[in-house]
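Peer 1: This is the structure I want to talk about, given as structure tokens.
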Amino acid sequence: MKDDRTKYVYDFAEGNKELKDLLGGKGANLAEMTNLGLPVPPGFTITTEACTIYLDTGATPDGLDDEIATHLATLEKARGKTLGDPDDPLLVSVRSGAKFSMPGMMETVLNVGLNDRSVEGLARQADNERFAWDSYRRLIQMFGKTVQNIGGEAFEDALEEIKRAKGTNNDLDLDADDLRQLVDVYKRIVREHTGADFPQDPREQMTAAINAVFESWNSDRAVLYRRQERIPADLGTAVNVVAMVFGNMGMDSGTGVAFTRDPGTGEQGVYGDYLQNAQGEDVVAGIRNTVPLQDLEKIDKTSYDRLLEIMATLEGHYRDLCDIEFTIEAGQLWMLQTRVGKRTAAAAFRIASQLVDEGVIDLDEAIQRVTGEQLVHLMFPQFDTSAKTHQLGRGMSASPGAAVGKAVFDSYTAVKWSRSGEKVILVRRETNPDDLNGMIAAEGILTSRGGKTSHAAVVARGMGKTCVCGAEELQVNTKRRFLTAPDGTEVHEGDVISIDGSTGRVYLGEVPVVDSPVVEYFEGQIENPDDLVQAVDRIMKHADGTRRMGVRANADTAEDAERARRFGAEGIGLCRTEHMFLGERRQHVERLILAEDEEQRDAALEALLPLQRWDFLQLLTAMDGLPTTIRLLDPPLHEFLPNITELSVRVALAESRGEKNENDLRLMQAVHRLHEQNPMLGLRGVRLGLVVPGLFDLQVRAIAEAAAQLVKLGKDPKPEIMIPLVGSVQELEIIQADAKKVLAEVAELTGVDLQILIGTMIELPRAALTADQIAEAAQFFSFGTNDLTQTTWGFSRDDVEAAFFSTYLEVGIFGVSPFETIDADGVGELVRIGTEKGRATRPDLKVGVCGEHGGDPDSVHFFNKVGLDYVSCSPFRVPVARLEAARATVVQEGGSDSR
């Protein structure tokens, strides 16, 4: 039995634009235009609820057919026609319409209701045989592809054959007899592919079309689009049944698309396309060239003038750029759809600022009209799309930007050539931590393996480097130093290539680059900003005055810190000191870890102390007056030891030659003793500080001595010491006691009172669950959500993406990688618990987050909701976090999220 409270079908006059969840965007906006008194063909909408029931059960809800029959009768009365009437038939379109715009992803069937008898009646009523048979062939073609799953090529080939026989390339040259013949061919195609005749019952056609639209919600292309746009998979689509109006009745008819402002630039004016004697699908399919919308003024001035009036009405009503679809039937203008239009990033900022100037919206709403991802697009340089290019292949757009340089196939060469003034692109099958120097030296990184959460992608985004990952069609031979493209082109070391991190495309040779004025603005290099930069500046200044959360940067060098500060960072939320121990310094750490007595250990520490002190002097000088959170050494022990395989081979080769190297033998014994099967869950972080005497004390002393020296110079250093990978308060208490002892010693020696906070990184589930205990010792928390994600899910970021992430995304276990956007239900819940428990013990506990999630827009909104004090991200993402933190504040205070 049908629930009397459930209503599955709404007439257009019953809905409004606020009912997008129920009626989908198209249905809600058709209802809104109807209520505004605009010329909308009558129709009704079947709700998204009906769709989800159909998809869940395989059957339409009880009572739906009766509701459709009732609304169809109302529609027939309004049009004075009956579906299936052989003399004067009502025809309808059956269109999809989800809550979020998914253009072209789901199905549409036009001219539903035509059959072998009613096509003759339509021809008589319209006094136009060609129009009637053209409409019938379109129905069979669309119904065959959409409902009966017949490949579109069969119909397209038949159409091309008819045109060839006629000696034309233009559909309009086919007359009524040609189209009648084409209908017969199409019906034969249907019979051959389905074993049945094309259905002649109009109601059967409509029901089948409705069900096909429901099913198209889960088509491959729709699923892929939703994944790309992060649209939830459980929304379903509404179905709109609309009385047909015909743009293919002759040259006084047509169809078009209009925008109330230029969606590319944001400029006001008349923008759009028009196609005479056509139905809407012809514009999308591109079978004939359209004319600019302005030409409609010459073709049909009455309709043109009325369209401009309606465009102004809709923009004023929606208070935004509107995207409009319309049809003219024998001089009568009809509105078929409107929605808030998609736009480029530049247009988004310009339009938001324009609407503020026009008094249409305020600045709070303006920051809701733009997004952090749009800002990213404005910040990265782009290739000149007008340039002639030779595309070698395509991978994943891992880190946006446009990079040009000579291909190099190892990090040593990248550094060497870079120091000689060469611009290089580091090409690898995949990268690892040992490639970091090469990645820093390179203009961009290209890998043939990995994805958006691979090492190359994560590090590149953190550095603001252009990166293309997973270009599998490129065969990379690092030993022979060349790559091979699918077309056979070979790129050898030294050959110039260009990589586009925004599209994933890889080109041979140098593609011209257009600089980003927005980055120049953030860097303080623009004297005479254009209107786009002015719009960005206006919105960012309001964002900074609106947001609740602070924004810090992840930075390990003075150069990164200075750039982060220029980009608006209010401190450093994560300085990863392990990056200070690469290259020559690594041997000092190796000696410390492998020291056999106190003398060897003290010698290693003595060599490291001045190097670390200099690091922190530079960093704290760059961030003078701003908090600087310095994480003590965190990486697994094996990263500071020789590779066990290489060492074993070296020893074996020496023995085969009768040679003995006592140092290598001792070293191999030590490496075997310290070898771990799973280093990421082994001797690292706080455990390393507890097991290797003096290691953390060295770093604390270097921080304290650097801070004291700067205070004496009149500076205002604000270092904060962060202990990594704490799982128990006892671990933190032991390290904290040692650190306080060192701080006191330095204070006594220098005469400088050092007030340095000591806190911890929450990156283990146990730490989050026992945060109330840990907060007894910790003066601040910073959630390390990268490792917290790994330890909560129980998988390694370095391994799982290639192994099964693609499958998890395809089958819907992940909507998006949990390393890209915070897993709110799991990892996010631990963040919430840890924050609440920590503050229950220490109400003034400062809580932040660092890592990739700190610069992800959706994650920033989550962190704002759970009450974190700040987010920290790579310098390049700082403006994104500033903007999204403001948008999150407006939403939390009662605004509507327009993401």
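Residue numbering restarts at 1 for every chain of the structure tokens, chains are lettered A, B, ... in their displayed order, and ligands are numbered from 1 as they appear.
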Give me the residues within 12 Å of Pro843 in chain A as a PyMOL selection string, counting only C-alpha atoms and dropping any in the same chain fewer than 4 places off.

Peer 2: chain A and resi 772+775-776+779-780+835-839+847

Peer 1: Let me see the file: selected residues, N, CA, C and O atoms, as a PDB file, in the first residue's frame.

Peer 2:
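As written to disk, out_21.pdb reads:
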ATOM      1  N   ASP A 772      42.353  13.222  26.985  1.00  0.00           N
ATOM      2  CA  ASP A 772      42.190  13.870  28.284  1.00  0.00           C
ATOM      3  C   ASP A 772      43.413  13.632  29.164  1.00  0.00           C
ATOM      4  O   ASP A 772      43.828  14.520  29.922  1.00  0.00           O
ATOM      5  N   ALA A 775      46.488  15.599  27.563  1.00  0.00           N
ATOM      6  CA  ALA A 775      46.389  17.057  27.756  1.00  0.00           C
ATOM      7  C   ALA A 775      46.880  17.497  29.125  1.00  0.00           C
ATOM      8  O   ALA A 775      47.118  18.692  29.339  1.00  0.00           O
ATOM      9  N   GLU A 776      47.041  16.568  30.046  1.00  0.00           N
ATOM     10  CA  GLU A 776      47.619  16.937  31.340  1.00  0.00           C
ATOM     11  C   GLU A 776      49.062  17.397  31.178  1.00  0.00           C
ATOM     12  O   GLU A 776      49.564  18.207  31.961  1.00  0.00           O
ATOM     13  N   GLN A 779      50.677  21.137  26.065  1.00  0.00           N
ATOM     14  CA  GLN A 779      50.144  22.507  26.070  1.00  0.00           C
ATOM     15  C   GLN A 779      49.421  22.837  24.770  1.00  0.00           C
ATOM     16  O   GLN A 779      48.760  23.855  24.673  1.00  0.00           O
ATOM     17  N   PHE A 780      49.573  21.995  23.776  1.00  0.00           N
ATOM     18  CA  PHE A 780      48.800  22.154  22.541  1.00  0.00           C
ATOM     19  C   PHE A 780      48.747  20.804  21.839  1.00  0.00           C
ATOM     20  O   PHE A 780      49.580  19.916  22.077  1.00  0.00           O
ATOM     21  N   THR A 835      39.692  16.491  20.473  1.00  0.00           N
ATOM     22  CA  THR A 835      39.553  17.911  20.807  1.00  0.00           C
ATOM     23  C   THR A 835      38.713  18.096  22.060  1.00  0.00           C
ATOM     24  O   THR A 835      39.091  18.850  22.980  1.00  0.00           O
ATOM     25  N   GLU A 836      37.587  17.432  22.112  1.00  0.00           N
ATOM     26  CA  GLU A 836      36.695  17.576  23.272  1.00  0.00           C
ATOM     27  C   GLU A 836      37.345  17.048  24.544  1.00  0.00           C
ATOM     28  O   GLU A 836      37.280  17.690  25.602  1.00  0.00           O
ATOM     29  N   LYS A 837      37.992  15.893  24.455  1.00  0.00           N
ATOM     30  CA  LYS A 837      38.627  15.331  25.647  1.00  0.00           C
ATOM     31  C   LYS A 837      39.806  16.189  26.105  1.00  0.00           C
ATOM     32  O   LYS A 837      40.017  16.387  27.302  1.00  0.00           O
ATOM     33  N   GLY A 838      40.592  16.658  25.155  1.00  0.00           N
ATOM     34  CA  GLY A 838      41.730  17.492  25.512  1.00  0.00           C
ATOM     35  C   GLY A 838      41.309  18.759  26.216  1.00  0.00           C
ATOM     36  O   GLY A 838      41.894  19.159  27.233  1.00  0.00           O
ATOM     37  N   ARG A 839      40.265  19.405  25.702  1.00  0.00           N
ATOM     38  CA  ARG A 839      39.817  20.664  26.301  1.00  0.00           C
ATOM     39  C   ARG A 839      39.061  20.447  27.607  1.00  0.00           C
ATOM     40  O   ARG A 839      38.928  21.364  28.419  1.00  0.00           O
ATOM     41  N   VAL A 847      44.396  23.885  19.657  1.00  0.00           N
ATOM     42  CA  VAL A 847      44.278  22.685  18.826  1.00  0.00           C
ATOM     43  C   VAL A 847      44.303  23.070  17.352  1.00  0.00           C
ATOM     44  O   VAL A 847      43.535  23.927  16.914  1.00  0.00           O
TER      45      VAL A 847
END

Peer 1: Using DSSP on the backbone coordinates, identify all residues within range 50-199 of chain A classified as helix (DSSP H, G or I); present the result as an MDAnalysis selection string.

Peer 2: chainID A and resid 50:57 64:79 118:126 129:146 152:166 171:173 176:194

Peer 1: DSSP on the backbone: which residues in range 155-332 of chain A end up as strand (DSSP E or B)? Give the answer as a PyMOL selection string.

Peer 2: chain A and resi 237-243+254-261+268-276+291-292+322-329+332

Peer 1: Record the distance separating CA of Val427 in chain A and CA of Ile445 in chain A, expressed in Å with one decimal.

Peer 2: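 Spanning CA of Val427 in chain A to CA of Ile445 in chain A is a straight-line distance of 6.1 Å.
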
Peer 1: Neighbours of range 149-164 of chain A within 8 Å (only C-alpha atoms; same-chain residues fewer than 4 positions away dropped), as a list in words?

Peer 2: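 Skipping anything fewer than 4 positions along the chain leaves Gln141, Gly144, Lys145, Thr168, Asn169, Asn170, Asp171, Leu174, Asp178, Leu182, Val185, Tyr186, Ile189, Val190 and His193 of chain A.
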
Peer 1: Go ahead and write the residues just picked, C-alpha atoms, as a PDB file, in the first residue's frame.

Peer 2:
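Final output, saved to result39.pdb:
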ATOM      1  CA  GLN A 141      16.884   7.234 -32.291  1.00  0.00           C
ATOM      2  CA  GLY A 144      16.733   3.193 -29.013  1.00  0.00           C
ATOM      3  CA  LYS A 145      19.955   4.529 -27.462  1.00  0.00           C
ATOM      4  CA  THR A 168      24.464  16.367 -48.806  1.00  0.00           C
ATOM      5  CA  ASN A 169      26.170  16.790 -45.440  1.00  0.00           C
ATOM      6  CA  ASN A 170      23.336  18.849 -43.963  1.00  0.00           C
ATOM      7  CA  ASP A 171      20.358  17.312 -42.139  1.00  0.00           C
ATOM      8  CA  LEU A 174      16.581  15.856 -46.143  1.00  0.00           C
ATOM      9  CA  ASP A 178      13.908  11.004 -46.938  1.00  0.00           C
ATOM     10  CA  LEU A 182      14.921   6.946 -42.355  1.00  0.00           C
ATOM     11  CA  VAL A 185      15.446   2.082 -41.367  1.00  0.00           C
ATOM     12  CA  TYR A 186      15.486   3.067 -37.689  1.00  0.00           C
ATOM     13  CA  ILE A 189      17.478  -1.358 -36.490  1.00  0.00           C
ATOM     14  CA  VAL A 190      15.319  -1.577 -33.362  1.00  0.00           C
ATOM     15  CA  HIS A 193      18.789  -5.348 -31.967  1.00  0.00           C
TER      16      HIS A 193
END

Peer 1: Neighbours of Gly444 in chain A within 10 Å (only C-alpha atoms; same-chain residues fewer than 3 positions away dropped), as a ChimeraX atom specification?

Peer 2: /A:399-405,407,423-427,438-441,460,464-468,498-501

Peer 1: Tell me, counting only C-alpha atoms, for each residue of range 525-565 of chain A within 10 Å of range 874-891 of chain A, which pair of atoms is nearest and how far apart they are in Å to one decimal, in rows ordered by chain and increasing number, as CSV.

Peer 2:
residue,atom,partner,partner_atom,distance
A:Ile539,CA,A:Leu883,CA,8.3
A:Met540,CA,A:Leu883,CA,6.5
A:Lys541,CA,A:Leu883,CA,9.4
A:His542,CA,A:Ala886,CA,8.4
A:Ala543,CA,A:Ala886,CA,5.0
A:Asp544,CA,A:Arg882,CA,6.6
A:Gly545,CA,A:Ala886,CA,8.2
A:Thr546,CA,A:Ala886,CA,5.5
A:Arg547,CA,A:Ala886,CA,3.9
A:Arg548,CA,A:Thr889,CA,6.3
A:Met549,CA,A:Ala885,CA,6.2
A:Gly550,CA,A:Arg882,CA,7.8
A:Val551,CA,A:Arg882,CA,6.2
A:Arg552,CA,A:Val878,CA,7.2
A:Ala553,CA,A:Pro875,CA,5.4
A:Asn554,CA,A:Ser874,CA,5.0
A:Ala555,CA,A:Ser874,CA,6.9
A:Asp560,CA,A:Pro875,CA,6.9
A:Ala561,CA,A:Pro875,CA,7.7
A:Glu562,CA,A:Pro875,CA,9.2
A:Arg563,CA,A:Pro875,CA,6.6
A:Ala564,CA,A:Pro875,CA,4.4
A:Arg565,CA,A:Pro875,CA,8.1

Peer 1: Arg130 in chain A: which residues within 7 Å, counting only C-alpha atoms, same-chain residues fewer than 2 positions away excluded, as an mmCIF file with C-alpha atoms, in the first residue's frame?

Peer 2:
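Contents of out_27.cif, as written:
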data_model
loop_
_atom_site.group_PDB
_atom_site.id
_atom_site.type_symbol
_atom_site.label_atom_id
_atom_site.label_comp_id
_atom_site.auth_asym_id
_atom_site.auth_seq_id
_atom_site.Cartn_x
_atom_site.Cartn_y
_atom_site.Cartn_z
ATOM 1 C CA ASN A 128 4.521 20.283 -42.150
ATOM 2 C CA ALA A 132 6.590 15.405 -38.209
ATOM 3 C CA TRP A 133 8.836 12.731 -39.698
ATOM 4 C CA ASP A 134 11.943 14.478 -38.373
ATOM 5 C CA ASP A 175 12.916 16.178 -47.105
ATOM 6 C CA ALA A 176 9.855 14.417 -45.726
#

Peer 1: I'd like the neighbourhood of Glu107 in chain A as a VMD selection string, where a residue qualifies if any of its atoms comes within 8 Å (using only C-alpha atoms), though same-chain residues fewer than 4 positions away should be ignored.

Peer 2: chain A and resid 95 to 96 146 212 to 213 216

Peer 1: Produce a file of the selected residues containing all heavy atoms, as a compact mmCIF listing (two decimals), in the first residue's frame.

Peer 2:
# COMPACT_ATOMS: atom_id res chain seq x y z
N ARG A 95 12.95 14.11 -19.17
CA ARG A 95 14.30 14.62 -18.92
C ARG A 95 14.75 14.33 -17.49
O ARG A 95 13.94 14.37 -16.56
CB ARG A 95 14.36 16.14 -19.14
CG ARG A 95 14.05 16.59 -20.56
CD ARG A 95 14.00 18.11 -20.64
NE ARG A 95 13.76 18.59 -21.98
CZ ARG A 95 14.72 18.94 -22.85
NH1 ARG A 95 15.98 18.83 -22.49
NH2 ARG A 95 14.42 19.36 -24.05
N SER A 96 16.04 14.09 -17.33
CA SER A 96 16.61 13.93 -15.99
C SER A 96 16.78 15.29 -15.33
O SER A 96 16.68 16.33 -15.98
CB SER A 96 17.96 13.22 -16.08
OG SER A 96 18.86 14.02 -16.84
N THR A 146 18.73 5.28 -25.49
CA THR A 146 18.54 5.51 -24.06
C THR A 146 17.82 4.36 -23.37
O THR A 146 18.23 3.90 -22.31
CB THR A 146 17.76 6.82 -23.85
OG1 THR A 146 18.51 7.89 -24.40
CG2 THR A 146 17.49 7.06 -22.38
N ALA A 212 14.24 4.52 -17.66
CA ALA A 212 15.59 4.65 -18.22
C ALA A 212 16.32 5.85 -17.62
O ALA A 212 17.53 5.79 -17.37
CB ALA A 212 15.53 4.77 -19.74
N VAL A 213 15.60 6.94 -17.39
CA VAL A 213 16.22 8.10 -16.76
C VAL A 213 16.63 7.76 -15.33
O VAL A 213 17.73 8.11 -14.88
CB VAL A 213 15.27 9.31 -16.79
CG1 VAL A 213 15.84 10.46 -15.96
CG2 VAL A 213 15.05 9.77 -18.22
N SER A 216 19.77 5.80 -15.48
CA SER A 216 20.95 6.54 -15.94
C SER A 216 21.71 7.20 -14.80
O SER A 216 22.85 7.62 -14.97
CB SER A 216 20.56 7.58 -17.00
OG SER A 216 19.83 8.65 -16.42
